[in-house]
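Novice: One structure follows; several queries about it will come next.
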Amino acid sequence: MIELALISGFAAASVRVATPLLLAAIGETITEKSGVLNLGIEGAMLAGALAAAVGAISLGPLGGVAFAVAAGMATSAIFAAVAVGARADQIITGTAVTLGMTGLTGLGARLAFGDAGAGLTIPTLPVLPIPGLAAIPVIGPAFFSQSVMSYVAFAAIAWATWLLFRTRWGLEVRAAGESAAAARAMGVPVTRRRVVATVIGGAFAGLAGATLVLSQVGTFTEKMTAGRGFIAIAIVVLGRWHPIGAGLAALLFGAATALQYTFQASGSAVPYQLFQALPYLLALAVLAVAVGREKGPAGLAK
Amino acid sequence: MLTLSHISKSFGATLALDDVSFDAAAGEVHALLGENGAGKSTLVAIAAGRMPADRGESRVVSRERTPYSPDTSDDSRPTTRLSLVAQHFTSIPAFTVAENIALAAGWQESGKALGVRARETIARIGLPLDAEAVVETLSVQLRQRLEIVKAMASDPQILLLDEPTAVLAPREVTELLAMVRAFAARGGAVVFISHKLPEVFAVADRVTVLRQGRVTLTGRVAEQTPRSLALAMIGEAPAQPERVAVTPGGTRVHADGLLLRPERGGTPVGPITMECMAGEIVGIAAIEGNGQRELLRAMAGLPEITRVDGTLRVSGAVGFVPEDRTTEGIIPEFSLTENFVLGRVRERWMDWGLLAADCDLALAEYDVRGGNAASAASALSGGNQQKLIFARVLSRQPDVLVAEDPTRGLDLHAAAAIHARLRSAAANGAAVIVHSSDLDEILDLADRVLVMANGKLVTVPAGASRDVVGDAMLGLPTP
Amino acid sequence: GSETSAPPAAFRVALVTPGSIADAAWNAGAYSGLQQVRDSLGATVSHIEARTPADQEEALRSYAAEGYTIVFGHGYEFQQPAERAAAEFPKTIFVITSGQEVVGNVVPLIFRIHEATYLAGMVAGALTKTGKIGFVGGMELPPIVLGYEGWLQGARATRPDIESRVTYLGNFDDAAAGKEAALAMIRLGVDQLHHNADAAAIGLFGAAKEQANVYVYGANADQSALAPGHVVGSAVLELPRALLLIAREVQENRFTPRVESFGLESGVIAFVANPELQNRWPTGLAERVQAARDSIITGTLIVAGTKTP
Amino acid sequence: MRLAPPSSNSRWRDVGVTAGAFGLGLLFLALFLLVAGFDVPLALGALWRGAFGSWYALTSATLVRATPLILLGLAFTLGSRGGALNIGMEGQFALGAMAAAWMGTHTGALPGVVALPMVLGAGMAAGALWMAVPVLLRLRFGVTEVISTLLLNFVAEAAVSYAVTGPLQEPSGIYPQSASLTMAARLPKLLPMSRLHLGLLIAFAVAVVMAVVLKRSRWGFELRAVGAGPRVAEVSGRIRAGRLLAVALLISGALAGLGGAVEVSGVSYALYLNLSPGFGFTAIAVALLGRLRPGGVVVAGLLFGALEAGAGGMQRDAAIPAVAVQVVQAVVILTMVVAANSGQRTANGND
Ligand SMILES: Nc1ncnc2c1ncn2[C@@H]1O[C@H](COP(=O)(O)OP(=O)(O)OP(=O)(O)O)[C@@H](O)[C@H]1O
Ligand SMILES: Nc1ncnc2c1ncn2[C@@H]1O[C@H](COP(=O)(O)OP(=O)(O)OP(=O)(O)O)[C@@H](O)[C@H]1O
Ligand SMILES: [Mg+2]
Ligand SMILES: [Mg+2]
């Protein structure tokens, strides 16, 4: 029984850790499908996190979510203006946007909450067990007893798959990502599609930031995304540029991370740094074995 | 239906079109001829609204006489539909045929519904294609066919075809020309661009010739001769150098029971048994995807081709001219010198001054025009890029020269220059193996013709007729 | 002997922190100390954040070159850069918090935080139902390890068979990671949690808030408000007081280079119990803690880490 | 993903574009500070003083910071010219630093002429070895180096953390850092009263060598060909692109490792947890703004060194918080990249 409780707890932790990564990775999948590599999603996540905290304090948790989406979109719009509009190098632009947002959110947090930080007084999103399903052993706690943001993330997998592969808009976005010239020749407004895909990616990054604040930590702290945006980019590759793949890769990463906390806390002779490196080593192994020569959109970052 | 009046267009210093007027009427096929760079593609791009003209007016008039300006907004979308098959493919290689058609035709369907509509449309147009096939797995012919299907899918009334036959086999050309005639017969207007005069005579009602951006001739095809068109295009017909009879020397290439693993997997190519002597031009006639690529690349020693079985002996230095100059032959942003020395330098350090001087000499010798040793290769026209590749390969005096489709997309002049180079290479003692998608070129050029079909060499009797060779290429039994 | 020159016309004090001053703990405390130095002593102050050894040494040198009277290097890692810089700038006093030794004008401030965490550990050992306690550290830095060792020794003092778990996050920013680390411990039966992970530790408090019967012990500041009903007490480090003390001595020209070590006796280090939860303490615990505190202050009980410098 | 390699004959225009972009960046910076409510003249003055205001600022702040940026920028440049993106310089830097710290504490009584090459060599070897993993993954499994090198950064961070609390920890076993390098294993100072060390000249030397190799050697030419047209290089140039690129990437890793070794041997004298403030990422911007030319990388590296030194000055003398400084740097980089890009495009005359 104790074993089962441990496994259930571990499974729930895996999904919880995976949720922000998954949201960001789905957004980035849409962005990359349009041919844009946005390293600025780390910054968009941070902006979303701060906006979620500010919004939740004044308007409640749902207000926080709305603020976060808007902040993520605004951050990505800056990126899109520079990297897509002015066609500046995407890698530098993304790095700079993340750097700038790290600073801006730091400044903003001090303005909003003072030097002491926000505390844990922000209204948060509760865990919403789904009646019936939540009672299933292991699966229930993992997938049906999570915060609403996890359900949003699951739904986003289906929605993004539909959007990319079942709509005209998705077809045009994917064409823009494969070959801007060919897409243009076939009448696709490439720049517009890329900008919108990037801004949608930003909205998801904002949601990811909101998840950290509103359904995990309950407050904003500087740099609290701690590199999750970059992990999300790796997850997009691991997921072979498909929302379902991103879902699996995010779960893998979430499980590896949850595992590392469990291992560390279990106390062993193995240096804990090995556990810290575990998710990344696992990702490399999966890349080698399962992804390999899979290439992304042919026009990515061009 | 389509009227272009007094169009001028320049790119920087180049005047691509100079006061050109052109029209195509319903029910008519109007051929557009001209040398490389004459302005044909520019003209149809302007007609299709892909590019603005500097001066002049482009009008598409339907039978209801609705005025059309290419860049009008959606609400004044013309009731007359116009489709362009551009010279360079505009399909997305990673997409399926159906997705490409949907993209070009503006369809909203996806999934099963898309597959159904695509299959119906393909059937209606009458150019068979597998709707679910991913484009990058298709042969060049099928990709060209897809371009045409894409254009036809939106049920156009005006069809602009920019060199649609450049990569097709004779039988496919015939099919396409028949489709074009049928389209015109249904009341459509066609603009047809080609470098191949017989096609023009076979399909067109009227012909317009451009030369350096100006119209030098417009008239009924029936009133023209190949010579009159050539004169209008280039001022004079290119001189065909005399065939010098060469006595073949020793064996340079020897293949026996050769089995090769294809680049994309599948059943091995072969077994192939053949040889080629010094001083001889062996022509390989084949349709794209029948194993000639593997054979030629194996002879050229490219590492991606692996031998499964049999022997292949190639003696001496090999020169190789790849079929696609833009992806395998030339680095556009590199200078002519840098492109010229690719694969030539053996010294550890480069003396660029000396190399540039070598390059300049070779540019003169091989008549490469449009730039000097320091200019970027992207500044050269396709024909001149091809000449540069020949300069690189031949100035090393290879013992064996392997050339894949060396005149694809080139005009008469440029093609004649390349032919002369191939002949003189043979005359200088090289064993020359050349493949072409243009059967006439092979028949004209080669001392010996070998046909490849389904990965095997098919022997055709010496002096076989064009039709016999063409059928062999399609894998049909030879008499 | 005192080599310090007469107080210069402008009394200027600088602080170099190894991380953001919005970390609600280590760096925030020092920054607040700097502000108090400005407000109480009328000093001209300046602050810079320097994360790498290269930047840290340069920051120390730049302040010294500009003639600052005191430069606080906030962390053990400033000791060696300060020693290198001090040789060239003898007029500036380099104060290294958690430093090691006096070298010329480089003086360390040593915080015996483990004396406070010992007391926290005692309470945890007495309160745990499961016999399992946990500690989450940002990185494996000396003051953090020392704090952990005090905590463990204290817990052993009240419950010898205690089972203890440690997790290092690898950073001080990732509050979500702090929460997951805490939850993983809770799943393994831990019901008393302590930390030294600055902002990342906020996640611990969040985790405790969601679980009945899980209690947290704050670090560096009185963190009782972070999870009402779940914070038993805090091992407090009054950095402002320490900074102010040194700065005042220098201003009043009575500073002598020495190893200044702050323990429970100084008031800079303290264990502050949360009165709201004190009703849960078993009878006699408060007295035992008080007695241990007294013994530590009088020196009859010495709390030392395995790696105490 | 391939970066556009520079076209030839545009060096002076590039310099102009970069300089203009930098100026424009400063203009935007002033605007931002104004909007954020800071004292603009004071801040800009502090920026200038922090970077160039004194001999000390120039040599000890600007040039010391520029050194690793130049070395890592060159590392990125080499890979990029061959068409491979080394996003893992942060990790190679860390491994180089680790190896240098190990070697530099084990050279015993060896004199500097022997010890220094051993220290720097160890750093290069470690950087190359760390890069060997992505190279193998790419050659053997086709894994793109962009992601593998990125992931390895996190692993390297854990490795350093292990080293400084385990095998490389200083003898007392208390501090998470290595022992200090022997005096002989430290890079000599170039000037008295300054932290400027021989590493800057090493970086310059690497730039010169790289410029010559790229331009004049067959290997450099082949590498550029692989970067500009991998298929052309293989088919028409008979170049074994995979092998050539593997070598280039290993050298790139070695240079990033050298950056780490130089930082340990010239500045920190020991291995620490936070040795790099993100040099590996800033250097990408340095390399790209230097238009992937060794000379350009040197200039861009110096500009970025000055920007970071000046940022310190703004915190110190104008009380601009570190978070605002990050915004400032982002604004400058974004302006530069937009300006450099549009400058490049107008010069090329298309769109
Ligand atoms: N995007 C472009 N930018 C600048 N110049 C261009 C561009 N595209 C084409 N050109 C110019 O077009 C000329 C050649 O174009 P193209 O490759 O179509 O040759 P062509 O006219 O078809 O002749 P050829 O038969 O020899 O292929 C070159 O001189 C080149 O400078
Ligand atoms: N995008 C461009 N930029 C600059 N010059 C161009 C561009 N496109 C075409 N040109 C120039 O315009 C002229 C006409 O080119 P165009 O492509 O229309 O020739 P074409 O008749 O179609 O040749 P081909 O038979 O080779 O297809 C060429 O000389 C070419 O140099
Ligand atoms: Mg054309
Ligand atoms: Mg052409």
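How things are named: the first chain in the structure tokens is A, the next is B, and so on; residues count from 1 in each chain; ligands count from 1 in the order shown.
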Return as a list in words the residues belonging to chain A that are within 7 Å of chain C, counting only C-alpha atoms.

Specialist: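 Listing them in order of chain and number gives Leu6, Gly9, Asp115, Ala116, Gly117, Gly119, Leu120, Leu212, Gln216, Val217, Gly218, Thr221, Glu222, Lys223, Met224, Thr225, Ala226, Tyr261, Thr262, Gln264, Ala265, Ser266 and Gly267 of chain A.
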
Novice: Would you list, as a PyMOL selection string, the residues of stretch 117-275 of chain C that end up in helix (DSSP H, G or I) under DSSP run on this structure's backbone?

Specialist: chain C and resi 117-127+142-158+175-187+198-210+224-226+239-251+264-266+275

Novice: Generate the output file for the selected residues, C-alpha atoms, as an mmCIF file, in the first residue's frame.

Specialist:
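Generated file (out.cif):
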data_model
loop_
_atom_site.group_PDB
_atom_site.id
_atom_site.type_symbol
_atom_site.label_atom_id
_atom_site.label_comp_id
_atom_site.auth_asym_id
_atom_site.auth_seq_id
_atom_site.Cartn_x
_atom_site.Cartn_y
_atom_site.Cartn_z
ATOM 1 C CA THR C 117 19.763 25.477 13.548
ATOM 2 C CA TYR C 118 20.787 23.181 16.396
ATOM 3 C CA LEU C 119 17.928 24.564 18.458
ATOM 4 C CA ALA C 120 15.575 24.249 15.478
ATOM 5 C CA GLY C 121 16.696 20.656 15.064
ATOM 6 C CA MET C 122 15.968 19.961 18.722
ATOM 7 C CA VAL C 123 12.401 21.081 18.252
ATOM 8 C CA ALA C 124 12.066 19.102 15.048
ATOM 9 C CA GLY C 125 13.391 15.987 16.703
ATOM 10 C CA ALA C 126 10.825 16.368 19.430
ATOM 11 C CA LEU C 127 7.915 17.157 17.131
ATOM 12 C CA PRO C 142 29.954 25.933 3.705
ATOM 13 C CA PRO C 143 27.430 28.023 5.671
ATOM 14 C CA ILE C 144 24.643 25.875 4.300
ATOM 15 C CA VAL C 145 26.342 22.609 5.146
ATOM 16 C CA LEU C 146 27.106 23.945 8.596
ATOM 17 C CA GLY C 147 23.503 24.933 9.143
ATOM 18 C CA TYR C 148 22.404 21.485 8.105
ATOM 19 C CA GLU C 149 24.842 19.813 10.478
ATOM 20 C CA GLY C 150 23.613 21.911 13.381
ATOM 21 C CA TRP C 151 20.041 20.967 12.524
ATOM 22 C CA LEU C 152 20.865 17.267 12.419
ATOM 23 C CA GLN C 153 22.820 17.350 15.697
ATOM 24 C CA GLY C 154 19.998 19.182 17.407
ATOM 25 C CA ALA C 155 17.469 16.658 16.198
ATOM 26 C CA ARG C 156 19.649 13.801 17.376
ATOM 27 C CA ALA C 157 19.818 15.472 20.768
ATOM 28 C CA THR C 158 16.099 15.055 21.251
ATOM 29 C CA ALA C 175 10.959 27.829 -6.119
ATOM 30 C CA ALA C 176 9.033 25.172 -8.037
ATOM 31 C CA ALA C 177 11.991 22.836 -7.672
ATOM 32 C CA GLY C 178 12.104 23.649 -3.971
ATOM 33 C CA LYS C 179 8.489 22.643 -3.694
ATOM 34 C CA GLU C 180 8.935 19.367 -5.582
ATOM 35 C CA ALA C 181 11.993 18.501 -3.507
ATOM 36 C CA ALA C 182 9.954 19.095 -0.359
ATOM 37 C CA LEU C 183 7.034 17.055 -1.661
ATOM 38 C CA ALA C 184 9.359 14.189 -2.547
ATOM 39 C CA MET C 185 10.635 14.223 1.031
ATOM 40 C CA ILE C 186 7.123 14.366 2.403
ATOM 41 C CA ARG C 187 6.204 11.340 0.300
ATOM 42 C CA ASP C 198 16.804 31.586 -0.231
ATOM 43 C CA ALA C 199 14.044 32.309 -2.761
ATOM 44 C CA ALA C 200 13.824 28.694 -3.884
ATOM 45 C CA ALA C 201 12.792 27.749 -0.350
ATOM 46 C CA ILE C 202 9.498 29.539 -0.760
ATOM 47 C CA GLY C 203 8.418 26.324 -2.464
ATOM 48 C CA LEU C 204 8.975 24.447 0.815
ATOM 49 C CA PHE C 205 6.521 26.653 2.583
ATOM 50 C CA GLY C 206 4.038 26.172 -0.223
ATOM 51 C CA ALA C 207 4.411 22.408 0.081
ATOM 52 C CA ALA C 208 3.945 22.475 3.855
ATOM 53 C CA LYS C 209 0.841 24.631 3.515
ATOM 54 C CA GLU C 210 -0.806 21.927 1.420
ATOM 55 C CA SER C 224 6.647 32.379 10.268
ATOM 56 C CA ALA C 225 4.324 34.387 8.062
ATOM 57 C CA LEU C 226 5.110 32.361 4.940
ATOM 58 C CA LEU C 239 22.749 40.501 8.975
ATOM 59 C CA PRO C 240 21.885 44.200 9.263
ATOM 60 C CA ARG C 241 22.954 44.160 12.874
ATOM 61 C CA ALA C 242 26.312 42.651 12.054
ATOM 62 C CA LEU C 243 27.013 45.030 9.217
ATOM 63 C CA LEU C 244 25.951 47.990 11.242
ATOM 64 C CA LEU C 245 28.137 46.940 14.158
ATOM 65 C CA ILE C 246 31.285 46.820 12.049
ATOM 66 C CA ALA C 247 30.477 49.975 10.121
ATOM 67 C CA ARG C 248 29.868 51.896 13.306
ATOM 68 C CA GLU C 249 33.194 50.802 14.783
ATOM 69 C CA VAL C 250 34.987 51.923 11.675
ATOM 70 C CA GLN C 251 33.188 55.238 11.578
ATOM 71 C CA LEU C 264 23.657 33.017 19.862
ATOM 72 C CA GLU C 265 25.290 35.260 22.439
ATOM 73 C CA SER C 266 25.450 38.177 19.997
ATOM 74 C CA PRO C 275 4.410 31.509 19.412
#

Novice: Please, which residues have at least one atom within 6 Å of an atom of ligand 2, using only C-alpha atoms and all ligand atoms, listed as a PyMOL selection string?

Specialist: chain B and resi 11+16+34-42

Novice: Between atom CA of B:Arg369 and atom CA of B:Leu15, what is the spacing in Å?

Specialist: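 So the answer is 17.1 Å.
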
Novice: Near chain A, which residues of chain D fall within 7 Å when you count only C-alpha atoms, and what do they look like as a list in words?

Specialist: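 That gives the following set of residues: Met1, Leu137, Phe141, Gly142, Val143, Ile147, Ser148, Leu151, Phe154, Val155, Ala158, Ala159, Ser161, Tyr162, Ala285, Val323, Ala324, Gln326, Val327, Ala330, Ile333, Leu334, Val337, Val338 and Asn341 of chain D.
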
Novice: Using only C-alpha atoms, find each residue of chain A with at least one atom at most 10 Å away from an atom of chain B; report its shortest atom-to-atom pair and that distance in Å (one decimal), sort the rows by chain and rising residue number, and return the result as JSON lines.

Specialist:
{"residue": "A:Trp162", "atom": "CA", "partner": "B:Ser110", "partner_atom": "CA", "distance": 9.8}
{"residue": "A:Phe165", "atom": "CA", "partner": "B:Ser110", "partner_atom": "CA", "distance": 7.4}
{"residue": "A:Arg166", "atom": "CA", "partner": "B:Ser110", "partner_atom": "CA", "distance": 5.1}
{"residue": "A:Thr167", "atom": "CA", "partner": "B:Ser110", "partner_atom": "CA", "distance": 6.4}
{"residue": "A:Arg168", "atom": "CA", "partner": "B:Gln108", "partner_atom": "CA", "distance": 5.2}
{"residue": "A:Trp169", "atom": "CA", "partner": "B:Gln108", "partner_atom": "CA", "distance": 8.7}
{"residue": "A:Gly170", "atom": "CA", "partner": "B:Ser110", "partner_atom": "CA", "distance": 10.0}
{"residue": "A:Leu171", "atom": "CA", "partner": "B:Leu103", "partner_atom": "CA", "distance": 7.1}
{"residue": "A:Glu172", "atom": "CA", "partner": "B:Leu103", "partner_atom": "CA", "distance": 6.9}
{"residue": "A:Arg174", "atom": "CA", "partner": "B:Phe95", "partner_atom": "CA", "distance": 8.9}
{"residue": "A:Ala175", "atom": "CA", "partner": "B:Ile92", "partner_atom": "CA", "distance": 6.6}
{"residue": "A:Ala176", "atom": "CA", "partner": "B:Ile92", "partner_atom": "CA", "distance": 9.3}
{"residue": "A:Gly177", "atom": "CA", "partner": "B:Ile92", "partner_atom": "CA", "distance": 9.7}
{"residue": "A:Glu178", "atom": "CA", "partner": "B:Ile92", "partner_atom": "CA", "distance": 6.5}
{"residue": "A:Ser179", "atom": "CA", "partner": "B:Ile92", "partner_atom": "CA", "distance": 6.6}
{"residue": "A:Ala180", "atom": "CA", "partner": "B:Ile92", "partner_atom": "CA", "distance": 9.5}
{"residue": "A:Ala181", "atom": "CA", "partner": "B:Thr90", "partner_atom": "CA", "distance": 7.6}
{"residue": "A:Ala182", "atom": "CA", "partner": "B:Thr90", "partner_atom": "CA", "distance": 4.4}
{"residue": "A:Ala183", "atom": "CA", "partner": "B:Thr90", "partner_atom": "CA", "distance": 7.4}
{"residue": "A:Arg184", "atom": "CA", "partner": "B:Thr90", "partner_atom": "CA", "distance": 8.8}
{"residue": "A:Ala185", "atom": "CA", "partner": "B:Thr90", "partner_atom": "CA", "distance": 6.4}
{"residue": "A:Met186", "atom": "CA", "partner": "B:Ala104", "partner_atom": "CA", "distance": 4.8}
{"residue": "A:Gly187", "atom": "CA", "partner": "B:Ala104", "partner_atom": "CA", "distance": 7.0}
{"residue": "A:Val188", "atom": "CA", "partner": "B:Leu103", "partner_atom": "CA", "distance": 8.1}
{"residue": "A:Pro297", "atom": "CA", "partner": "B:Ala94", "partner_atom": "CA", "distance": 8.5}
{"residue": "A:Ala298", "atom": "CA", "partner": "B:Ala94", "partner_atom": "CA", "distance": 8.2}

Novice: Print the selection's residues with C-alpha atoms to a file, as a short mmCIF file (atom, residue, chain, number, x, y, z; two decimals), in the first residue's frame.

Specialist:
data_model
loop_
_atom_site.label_atom_id
_atom_site.label_comp_id
_atom_site.auth_asym_id
_atom_site.auth_seq_id
_atom_site.Cartn_x
_atom_site.Cartn_y
_atom_site.Cartn_z
CA TRP A 162 -5.78 19.82 -34.76
CA PHE A 165 -2.53 19.27 -39.04
CA ARG A 166 -6.24 19.72 -39.59
CA THR A 167 -6.69 23.35 -40.53
CA ARG A 168 -5.80 25.48 -43.49
CA TRP A 169 -4.02 27.87 -41.14
CA GLY A 170 -1.88 25.02 -39.86
CA LEU A 171 -1.05 23.93 -43.37
CA GLU A 172 0.07 27.44 -44.21
CA ARG A 174 3.87 24.44 -41.74
CA ALA A 175 4.50 25.55 -45.32
CA ALA A 176 6.02 28.79 -44.05
CA GLY A 177 8.28 26.70 -41.83
CA GLU A 178 9.42 24.41 -44.59
CA SER A 179 10.17 26.93 -47.30
CA ALA A 180 9.30 30.58 -47.11
CA ALA A 181 9.90 31.04 -50.82
CA ALA A 182 7.72 28.14 -51.93
CA ALA A 183 5.02 29.09 -49.46
CA ARG A 184 5.03 32.66 -50.72
CA ALA A 185 4.78 31.42 -54.30
CA MET A 186 1.69 29.46 -53.28
CA GLY A 187 0.10 32.54 -51.83
CA VAL A 188 0.88 32.08 -48.13
CA PRO A 297 11.08 22.19 -40.30
CA ALA A 298 13.46 22.74 -43.20
#

Novice: Between atom CA of D:Ala125 and atom CA of D:Leu244, what is the distance, to one decimal in Å?

Specialist: 18.2 Å

Novice: Run DSSP on the backbone and give me the residues of stretch 117-289 of chain D it puts in strand (DSSP E or B), as a PyMOL selection string.

Specialist: chain D and resi 169+178+189+197+217

Novice: What is the distance, in Å and to one decimal place, between atom CA of D:Phe279 and atom CA of D:Gly257?

Specialist: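 Atom-to-atom, atom CA of D:Phe279 and atom CA of D:Gly257 are spaced 12.0 Å apart.
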
Novice: Write out as a PyMOL selection string each polymer residue whose atoms come within 10 Å of B:Ala317, counting only C-alpha atoms; drop sequence neighbours fewer than 5 positions from it.

Specialist: chain B and resi 252+300+396-401+430

Novice: Could you save the residues just selected, with all heavy atoms, as a JSON list (two decimals), in the first residue's frame?

Specialist:
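See again27.json below for the written result:
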[["chain", "number", "residue", "atom", "x", "y", "z"],
["B", 252, "ARG", "N", 38.55, 2.56, -69.90],
["B", 252, "ARG", "CA", 38.74, 3.42, -68.72],
["B", 252, "ARG", "C", 37.76, 3.07, -67.61],
["B", 252, "ARG", "O", 38.07, 3.18, -66.45],
["B", 252, "ARG", "CB", 38.55, 4.89, -69.12],
["B", 252, "ARG", "CG", 39.73, 5.47, -69.88],
["B", 252, "ARG", "CD", 40.80, 5.92, -68.90],
["B", 252, "ARG", "NE", 42.09, 6.12, -69.53],
["B", 252, "ARG", "CZ", 42.40, 7.16, -70.27],
["B", 252, "ARG", "NH1", 41.51, 8.09, -70.48],
["B", 252, "ARG", "NH2", 43.59, 7.27, -70.81],
["B", 300, "ALA", "N", 31.68, 7.98, -60.51],
["B", 300, "ALA", "CA", 32.37, 9.20, -60.07],
["B", 300, "ALA", "C", 32.99, 9.02, -58.69],
["B", 300, "ALA", "O", 33.70, 9.89, -58.22],
["B", 300, "ALA", "CB", 31.39, 10.37, -60.04],
["B", 396, "ARG", "N", 41.24, 20.16, -65.12],
["B", 396, "ARG", "CA", 42.05, 19.17, -64.42],
["B", 396, "ARG", "C", 42.37, 17.99, -65.33],
["B", 396, "ARG", "O", 42.99, 17.03, -64.90],
["B", 396, "ARG", "CB", 41.30, 18.68, -63.18],
["B", 396, "ARG", "CG", 41.97, 19.13, -61.92],
["B", 396, "ARG", "CD", 41.14, 18.71, -60.73],
["B", 396, "ARG", "NE", 39.82, 19.31, -60.78],
["B", 396, "ARG", "CZ", 38.89, 19.08, -59.86],
["B", 396, "ARG", "NH1", 39.13, 18.28, -58.86],
["B", 396, "ARG", "NH2", 37.73, 19.69, -59.95],
["B", 397, "GLN", "N", 41.90, 18.09, -66.57],
["B", 397, "GLN", "CA", 42.13, 17.04, -67.56],
["B", 397, "GLN", "C", 41.87, 15.65, -67.02],
["B", 397, "GLN", "O", 42.78, 14.83, -66.89],
["B", 397, "GLN", "CB", 43.56, 17.16, -68.09],
["B", 397, "GLN", "CG", 43.66, 18.42, -68.89],
["B", 397, "GLN", "CD", 45.07, 18.80, -69.22],
["B", 397, "GLN", "OE1", 46.02, 18.40, -68.55],
["B", 397, "GLN", "NE2", 45.24, 19.59, -70.27],
["B", 398, "PRO", "N", 40.59, 15.38, -66.73],
["B", 398, "PRO", "CA", 40.27, 14.08, -66.19],
["B", 398, "PRO", "C", 40.39, 12.98, -67.25],
["B", 398, "PRO", "O", 40.22, 13.25, -68.44],
["B", 398, "PRO", "CB", 38.81, 14.24, -65.75],
["B", 398, "PRO", "CG", 38.27, 15.28, -66.66],
["B", 398, "PRO", "CD", 39.41, 16.22, -66.95],
["B", 399, "ASP", "N", 40.67, 11.78, -66.79],
["B", 399, "ASP", "CA", 40.71, 10.64, -67.72],
["B", 399, "ASP", "C", 39.30, 10.13, -67.97],
["B", 399, "ASP", "O", 39.03, 9.52, -68.99],
["B", 399, "ASP", "CB", 41.56, 9.52, -67.12],
["B", 399, "ASP", "CG", 42.96, 10.00, -66.83],
["B", 399, "ASP", "OD1", 43.61, 10.49, -67.76],
["B", 399, "ASP", "OD2", 43.37, 9.97, -65.65],
["B", 400, "VAL", "N", 38.45, 10.36, -67.00],
["B", 400, "VAL", "CA", 37.06, 9.95, -67.14],
["B", 400, "VAL", "C", 36.19, 11.15, -66.78],
["B", 400, "VAL", "O", 36.43, 11.80, -65.77],
["B", 400, "VAL", "CB", 36.73, 8.77, -66.19],
["B", 400, "VAL", "CG1", 35.25, 8.41, -66.30],
["B", 400, "VAL", "CG2", 37.62, 7.58, -66.48],
["B", 401, "LEU", "N", 35.22, 11.46, -67.63],
["B", 401, "LEU", "CA", 34.31, 12.57, -67.33],
["B", 401, "LEU", "C", 32.90, 12.01, -67.21],
["B", 401, "LEU", "O", 32.39, 11.38, -68.13],
["B", 401, "LEU", "CB", 34.37, 13.62, -68.44],
["B", 401, "LEU", "CG", 33.40, 14.79, -68.26],
["B", 401, "LEU", "CD1", 33.73, 15.59, -67.02],
["B", 401, "LEU", "CD2", 33.41, 15.68, -69.49],
["B", 430, "ALA", "N", 39.60, 11.58, -73.10],
["B", 430, "ALA", "CA", 38.86, 11.20, -71.90],
["B", 430, "ALA", "C", 37.74, 10.22, -72.28],
["B", 430, "ALA", "O", 37.24, 10.26, -73.40],
["B", 430, "ALA", "CB", 38.25, 12.43, -71.23]]

Novice: Write out as a PyMOL selection string each polymer residue whose atoms come within 8 Å of D:Leu116, counting only C-alpha atoms; drop sequence neighbours fewer than 5 positions from it.

Specialist: chain D and resi 104+184-187

Novice: May I ask you to extract the residues of chain C within 9 Å of chain D, using only C-alpha atoms, and to give them as a count of residues only?

Specialist: 31

Novice: Only residues of chain D matter here; which ones have an atom within 7 Å of chain B, counting only C-alpha atoms? Give them as a PyMOL selection string.

Specialist: chain D and resi 7+216-218+228-229+231-232+235-238

Novice: Would you pick out the contacts of B:Phe192 at 7 Å or less, using only C-alpha atoms, so that residues sharing its chain but fewer than 5 positions from it are not included, and give the list as a list in words?

Specialist: Val29, His30, Ala31, Leu32, Leu160, Leu161 and Asp162 of chain B

Novice: Applying 9 Å and only C-alpha atoms, which residues near stretch 21-25 of chain A remain after dropping the ones on its own chain fewer than 3 positions away? List them as a PyMOL selection string.

Specialist: chain A and resi 17-18+28-30+41-42+45+149-150+152-154+156-157+201-209+211+228-229+231-236+239+243+246-251+253-254
